[in-house]
There are 6 protein chains.
Amino acid sequence: MSLDSYLLSEEPRYYPSADEVALYSAAYDMRLPVMLKGPTGCGKTRFVEHMAWKLGKPLVTIACHEDMTASDFVGRYLLGPDGTYWQDGPLTKAVRDGGICYLDEIVEARQDTTVIIHALTDDRRILPLEKKGELIKAHPDFQLVISYNPGYQSVLKDLKESTKQRFCALDFDYPVPEIEADIVASEAGLNLKDAERLTKIAGKSRNLRGQGLDEGASTRMLIHAGRLMTTGLPIAAACQFALIIPITDDPEMRSTLAAAVDACI
Amino acid sequence: MSLDSYLLSEEPRYYPSADEVALYSAAYDMRLPVMLKGPTGCGKTRFVEHMAWKLGKPLVTIACHEDMTASDFVGRYLLGPDGTYWQDGPLTKAVRDGGICYLDEIVEARQDTTVIIHALTDDRRILPLEKKGELIKAHPDFQLVISYNPGYQSVLKDLKESTKQRFCALDFDYPVPEIEADIVASEAGLNLKDAERLTKIAGKSRNLRGQGLDEGASTRMLIHAGRLMTTGLPIAAACQFALIIPITDDPEMRSTLAAAVDACI
Amino acid sequence: MSLDSYLLSEEPRYYPSADEVALYSAAYDMRLPVMLKGPTGCGKTRFVEHMAWKLGKPLVTIACHEDMTASDFVGRYLLGPDGTYWQDGPLTKAVRDGGICYLDEIVEARQDTTVIIHALTDDRRILPLEKKGELIKAHPDFQLVISYNPGYQSVLKDLKESTKQRFCALDFDYPVPEIEADIVASEAGLNLKDAERLTKIAGKSRNLRGQGLDEGASTRMLIHAGRLMTTGLPIAAACQFALIIPITDDPEMRSTLAAAVDACI
Amino acid sequence: MSLDSYLLSEEPRYYPSADEVALYSAAYDMRLPVMLKGPTGCGKTRFVEHMAWKLGKPLVTIACHEDMTASDFVGRYLLGPDGTYWQDGPLTKAVRDGGICYLDEIVEARQDTTVIIHALTDDRRILPLEKKGELIKAHPDFQLVISYNPGYQSVLKDLKESTKQRFCALDFDYPVPEIEADIVASEAGLNLKDAERLTKIAGKSRNLRGQGLDEGASTRMLIHAGRLMTTGLPIAAACQFALIIPITDDPEMRSTLAAAVDACI
Amino acid sequence: MSLDSYLLSEEPRYYPSADEVALYSAAYDMRLPVMLKGPTGCGKTRFVEHMAWKLGKPLVTIACHEDMTASDFVGRYLLGPDGTYWQDGPLTKAVRDGGICYLDEIVEARQDTTVIIHALTDDRRILPLEKKGELIKAHPDFQLVISYNPGYQSVLKDLKESTKQRFCALDFDYPVPEIEADIVASEAGLNLKDAERLTKIAGKSRNLRGQGLDEGASTRMLIHAGRLMTTGLPIAAACQFALIIPITDDPEMRSTLAAAVDACI
Amino acid sequence: MSLDSYLLSEEPRYYPSADEVALYSAAYDMRLPVMLKGPTGCGKTRFVEHMAWKLGKPLVTIACHEDMTASDFVGRYLLGPDGTYWQDGPLTKAVRDGGICYLDEIVEARQDTTVIIHALTDDRRILPLEKKGELIKAHPDFQLVISYNPGYQSVLKDLKESTKQRFCALDFDYPVPEIEADIVASEAGLNLKDAERLTKIAGKSRNLRGQGLDEGASTRMLIHAGRLMTTGLPIAAACQFALIIPITDDPEMRSTLAAAVDACI
């Protein structure tokens, strides 16, 4: 089976925050498409990896961007020694052979891509390959998942109402402090006490969101800082390097964040 | 015949709301082109599937989008071992072999596509393949159908007056509550009482249209919620997952909708 | 001769409103290019078909649109077993072999296409195929005709003054009621009395132009309604389906139009 | 010699209005590039044809437009049985073999084309074929001529100052009435008296320029009207068809022009 | 190994200003991606060359720009005697074979490129070649480094928050005067006294930043002036040529800068 | 050696105005890139030709424009009988074989081209051919020169600060009257007295810059007028043809300039 290389070989660790595993499982049972909503770096990608592993299905992830064309999803004609031949794109592979297809940051893609998936998200479950003149009936195991960061949407770039209504949706956010410290400790190989310090710093940073900071430190950034600390870097230097300088150039905001670090160590 | 795979193998269930079946039949008798107007997820696609099945004609559906070119409709040259050869597009197939061609959300397509269909919609009933230098006279069974959501049109994206005037038009809307509950029960495999609850919730949601909600819950979303309930999810969780979180991120609107759910269960 | 398939096999019925047949004939005698001006669906295309049939010349019609390139008019290189070869476009065919070339809605095309026809519309009567490096002297029978809807032009999309000045021009409008009723009766196969009713309705609809309606019902729409009536549809239903719902979504305007229908039956 | 087909076989009639023939001849002696300035249809193209015939040089005319690329001027690679080969464009042909290259309405072309001609218009007289990696030294007989309609230029579309400064320039305008009547009579095969009437009408029409008319009737339009009159059309009908309806849709302006016609017959 | 040509053959001289070498080393130990922030010409490129040399890893540098496509990074299909074959792009080479990939001025690139690197910058460390249908797991030695000039960012061209959060970040600025003089003397082969004069001039020039100058003289410009002086040019002429005329056309600013030069010599 | 055809066969006459020859020579000794600043037609191109001849190096000139792509500079894949092969662009040739590469009007080019030259203008002196996957170390004789007209720059089209800082820069302007008269006499083959008259006229024309004229007459235009005079044209006619009509259509400005001509003869 051509999707074997998309099977996850080991369990991606995931720390549930509510009933998201049960809800997703119900949607998969009914093969309903699912939308994951939430800020950057809070674990949406990890969650869908976890669910794919749990359900034993291959996971085809497509990171969407503005310059992506419908062909990058569904496939294209290539030129071989006997003329043109068709090559399935990643979405088509998942549809044919029954994988979970995860379209990451779907709003970044051009409108044509969102329309392509419409017939896959209602009861027809078909993918028309217009360029090839083929109509694919989705494999019974196929499911579509998309991610979406509501905070980033502008008027120009938003999902069409007729697209949103095709999905069941789950909210994601950064984990509560106790769970986040566990995650940081475990993912970075750091002691729990230092991980808790990092979590506290993150909390202060997230409170500054909208007051000069576009976003606070994500769980992923805490793990970065934690990893740097395991090489022997002091916590202040690690936080400057991994939590502060990446997200702001404003001297006052940097002082505020540095003070927040000092207060937690 | 090359359109065989476009014949519907089983009857698509359709719940008529007025005389739309008779009107469409009269238009097909005269081979007049038809435009289906109405909001997202209210059953336009299902209706045209139903009519195609009833008339015993193959149905070629094309989901329109901004990046579609005229070639995606009419066909293109491909490169084979003996040089370029022509491949008919889906519209051309329907024109040649006598199918019903359904252009879904036609206004999403670029202007060139709407002009292409002009000569198919007046008494000439021809499709000029300019790139191939061929003039196709439509098969006697061919008919053109388009869908159109008036609520979405902006000044920039609307059908040209000279296009609109070529079509007979039918209005569609969400079904009346009693019929909608029947549909939800039947499509989701849900008991009628729960289906009626969902229909009531949808009514409240649709009343909020224009008061913070772009659109209320569609019939399709009710069916999603209904299917989730058949896996054992409680109605409140199913509504959150399938009816509320997908369409709004505003905390107040979410509370209002959640209260509406509570009031109906 | 390659243009044989563009000869009209039967006479297209045309109902003259003034001296347009004589004027066009004089222009064709002198091989002057002609521009047909008038609203959508009033018979411009039918007129040029009629003249081509009368003059016994093949008619090559090109429906212009924004995404059309100069290559779609004049031709392009294709790839065959021995490398690229040239394929004449529809305009080039008409120029070489002496047809009437009709560019429908010329302003929709990109600027390059209007410039391409310049050397065909003055006394040089040549078509330079720049991509092929060939200069074609037009066949003595060749004539160029364009259509143009003045009501639709915006500042951005208008014919260049230097293009307009190259054409003789004829005005077209909807026929006077008596002639229009004849046309509707004859084209739809309807009795004259019902055709006169439809013509009266059209008159009321056209009076609303600019008062909430972009355009009133065209002759073509009356024929649609007439055809539907021959299948047994009552006049009110046929008018809703073919004359009212296609052109407006405004409830008040729909009532006004429905009242106009009621007053005429 | 590859430019033979660009030699004019018969003398294009030209009616000089001042010393433009002597000035152009001096510029050609020194191989200086020349710019012809003036309104549409006043005889610029005819003048350069006349000069090319007089000097016995082939004339390569390129009608410029927005969608023209540099490749349309200088040439491109095509695919043959042994891979890609280079095909000279019309400008390159004139440069290699010594023709007069006439770029009609140069400002319509994209910026790249005006830059391409820079090295041809100073003392280097070279054409770099960047895509081919070849540097062509212009043939001693080569000359570049461009036309330019100052009335049409917008801020966005004007010649760069560094381009203008490379050309000697000649002004063109409609001929004085006596000469214009001669031209119309001779070109249309019309008697002089009717030609004078048409010239008078043109004068009145040109006085309306800027007062509701973008441009008055050009000499070319008078010739059109004259030709129609030779088929037996009365002067009033010929003027409506060839002088009035093509240039305005405003009912008042049409009346004013019709009155001007009546006053001259 | 295909990256051998990307190994630096001699040590690039680098003058550390703080603990940037230790911080970078810690990030490389953990294979965390790094962002270098700072003004133009202050030594960011030299720093990453130095680190690559120190770590003994090949360095693949990609200068980003607006017209770069994702294919320029990851690779593309080319046409060979047996049809199309895939050619890895520079990023793909570094990912496969374990180099440090340095994306210089990442914000200049189109959005698609920044999304491409997302899966390389979290714990997945994968590069999906969507066009090829291959998923590359990064070589254990691979690391991603980007540069970023915060002073240049506009609202339209900035890194997405979700990209910034994936990197550890280091600030760079021009060196302190004593070190800068050492650098100039050593790189230009100039005596230290003259190098110190140039450094003083640079200081005055940088104070004018925002007061009529977009940026002051960079270290690189001082080295240019120094090199010119070693050919015998007097310091005033060298400064005019290398420090003043390149950065301003304003006569007053030029006088101010010339006075600053005079004051330092 | 492939650049032989780019060696200048005879000395281009150049009339120095200050120490620009010495400064350029010093920059070439150190292989520093040079930027030539000044108005159109004042001799920048001639200067770089002169220096290339003096240094005995081949000169590869590239006239930049908006539609130029990076491939036009560095090269591209072409299709031959054995599939695609690489063809070096003009910049790549100069880099490989040691020529002086002159990018004329660099700001006209797209951003990608200016970024391509960055690694050639610092001490790395490399040209990465990203599409080919090759890194070229510049030939020891290679030097980069660009021209730049500060008067034309808009906010949208200016060199990036990080590009400007990589170049030594020289100012150019029209020569002083005595030298300009010598140049005109010598280049046009005109007697000195008439050349002085032309120079005086140019002076008056340049004083009108900004008062209705975008630019005054350039030295190149004086040479054009001078050449026309050697064919026997009187000075007034030659000035109208070569100095006045090309640069303005304003009747008052034309009178002012004509009066200036009269005053000088």
# chains A, B, ... in the order shown; residues from 1 in each chain; ligands from 1
$ residues_around --residues "Gly232 in chain F" --least-positions-apart "2" --cutoff "12 Å" --atoms "only C-alpha atoms" --output "PyMOL selection string"
(chain D and resi 22-23+25-27+29-30) or (chain F and resi 190+225-230+234-238)
$ select_by_dssp --residues "range 27-152 of chain C" --states "helix (DSSP H, G or I)" --output "ChimeraX atom specification"
/C:27-29,44-55,70-74,90-97,106-108,111-116,118-121,150-152
$ closest_residue --among "E:Glu105, E:Glu49, E:Glu187, E:Glu130" --to "Cys64 in chain E" --atoms "only C-alpha atoms"
E:Glu105
$ residues_around --residues "Phe172 in chain F" --least-positions-apart "5" --cutoff "7 Å" --atoms "only C-alpha atoms" --output "list in words"
Lys37, Gly38 and Lys44 of chain F
$ interface_residues --of "chain D" --to "chain C" --cutoff "7 Å" --atoms "only C-alpha atoms" --output "NGL selection string"
:D and (40 or 63 or 65-67 or 72 or 79-81 or 89-90 or 221 or 227-228 or 231 or 241-242 or 245-247)
$ atom_distance --atom1 "CA of Tyr6 in chain B" --atom2 "CA of Pro58 in chain B"
4.8 Å
$ atom_distance --atom1 "CA of Ala195 in chain D" --atom2 "CA of Met51 in chain D"
26.3 Å
$ select_by_dssp --residues "range 53-196 of chain E" --states "strand (DSSP E)" --output "number ranges by chain"
E: 59-63, 75-80, 83-88, 100-104, 126-129, 134-137, 143-148, 168-171
$ atom_distance --atom1 "CA of Gly56 in chain B" --atom2 "CA of Leu7 in chain B"
7.5 Å
$ residues_around --residues "range 213-215 of chain D" --least-positions-apart "4" --cutoff "9 Å" --atoms "only C-alpha atoms" --output "PyMOL selection string"
(chain C and resi 161) or (chain D and resi 39-40+205-206+208-209+247-248+253)
$ residues_around --residues "Ile62 in chain B" --least-positions-apart "3" --cutoff "7 Å" --atoms "only C-alpha atoms" --output "PyMOL selection string"
chain B and resi 102-104
